[in-house]
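Single-structure report; data block below.
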Amino acid sequence: MNEKIKVVLADDHRSYVEGLTALFRDDDRVNFCGFVHLPADVPAAVEKWLPDVVLMDYSFGENEPDGIEVSEQLLQRFPRLKIIMLTSYDDIPLVETALGKGLCGYLLKTRSRLELKVAIEAAAAGFEIVEQGVMKKIFDKGFREGRKTKDVDAGAAHPLTTRELEIALLIADGLSTRAIADRLFISTNTVDTHRKNIFSKVGVHKETELVNWLRQRGLV
């Protein structure tokens, strides 16, 4: 089993920070090692904890730099750091700016714990993660034409969609089709369809091969 992925959360909403860190308190893969409420405190937290991933809010309140500005400064000092913007805004120019500045992901705060875990694991493994609904808007607009991307939802360098990756990780955890269906509130038929698509896309024929495929990419 790989070491836990260290995460720093930067968000000025204390109740959100407390709730999210509580959800991941006993997680087997993700460790929220630190959190900060002010942009000025983020660099010190990164220096102290040396996280693999930073979850960055966009708005820190009036007269404070926004999350993109903070991220840009962080990446100048820590170029290998993976930063996911975790926010309530789905404004397309904001997404374009964030990705253009080097952030590796953009997600809305409405994502479930499991969806966020998948995103953190994928980001730590070197993939770019963008909210599925936001990604559709971007492609509808024609953004990124001709630009190389390794976005999970776009399926360029990574063949699985966010939902498929989510299910693949649950399969790797040993959950049955029924257990996965109950966990995700979908039908067993839907799980079976995803399972077939996953196996076909990654070129495997059994669950042990899928686990090896995920392990090779640092996802389990």
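Please note that chains go A, B, ... in the order of the structure tokens, that every chain numbers its residues from 1, and that ligands are numbered from 1 in the order shown.
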Neighbour list for segment 43-60 of chain A as a PyMOL selection string, cut-off 9 Å, only C-alpha atoms, skip fewer than 2 positions in-chain: chain A and resi 5-13+32-41+62-68+70-71+73-74+77-78+80-89+120+123-124
Write down as a list in words the residues belonging to segment 10-80 of chain A that are assigned alpha helix (DSSP H) by DSSP computed on the backbone.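 Answer for segment 10-80 of chain A, restricted to alpha helix (DSSP H): Arg14, Ser15, Tyr16, Val17, Glu18, Gly19, Leu20, Thr21, Ala22, Leu23, Val42, Pro43, Ala44, Ala45, Val46, Glu47, Lys48, Trp49, Gly67, Ile68, Glu69, Val70, Ser71, Glu72, Gln73, Leu74, Leu75, Gln76 and Arg77 of chain A.
Counting only C-alpha atoms, the residue from A:Thr97, A:Arg113, A:Ser200, A:Gly102 that sits nearest to Glu128 of chain A is A:Gly102.
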How many Å separate atom CA of Leu210 of chain A from atom CA of Arg195 of chain A?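 Pair atom CA of Leu210 of chain A / atom CA of Arg195 of chain A returns 10.3 Å.
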Give me, as a PyMOL selection string, the residues of segment 42-132 of chain A that a backbone DSSP run labels strand (DSSP E or B). chain A and resi 53-56+82-87+105-108+128-130
With distances taken over only C-alpha atoms, which residue among A:Leu20, A:Val42, A:Ile129, A:Val211 lies nearest Thr110 of chain A?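 Checking each of A:Leu20, A:Val42, A:Ile129, A:Val211 against Thr110 of chain A, counting only C-alpha atoms, the winner is A:Leu20.
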When you look at Ala125 of chain A with a cut-off of 8 Å (counting only C-alpha atoms), what residues show up, excluding the ones that are within fewer than 2 positions of it in the same chain? I need them as a PyMOL selection string. chain A and resi 121-123+127+217-219
Restrict the selected residues to C-alpha atoms and save them as a short mmCIF file (atom, residue, chain, number, x, y, z; two decimals), in the first residue's frame.
data_model
loop_
_atom_site.label_atom_id
_atom_site.label_comp_id
_atom_site.auth_asym_id
_atom_site.auth_seq_id
_atom_site.Cartn_x
_atom_site.Cartn_y
_atom_site.Cartn_z
CA GLU A 121 -5.65 10.55 -5.73
CA ALA A 122 -5.70 11.35 -9.44
CA ALA A 123 -4.02 14.75 -8.92
CA PHE A 127 -3.57 13.80 -13.74
CA ARG A 217 -0.40 4.83 -11.71
CA GLY A 218 -0.22 5.46 -7.98
CA LEU A 219 -3.98 5.37 -7.54
#
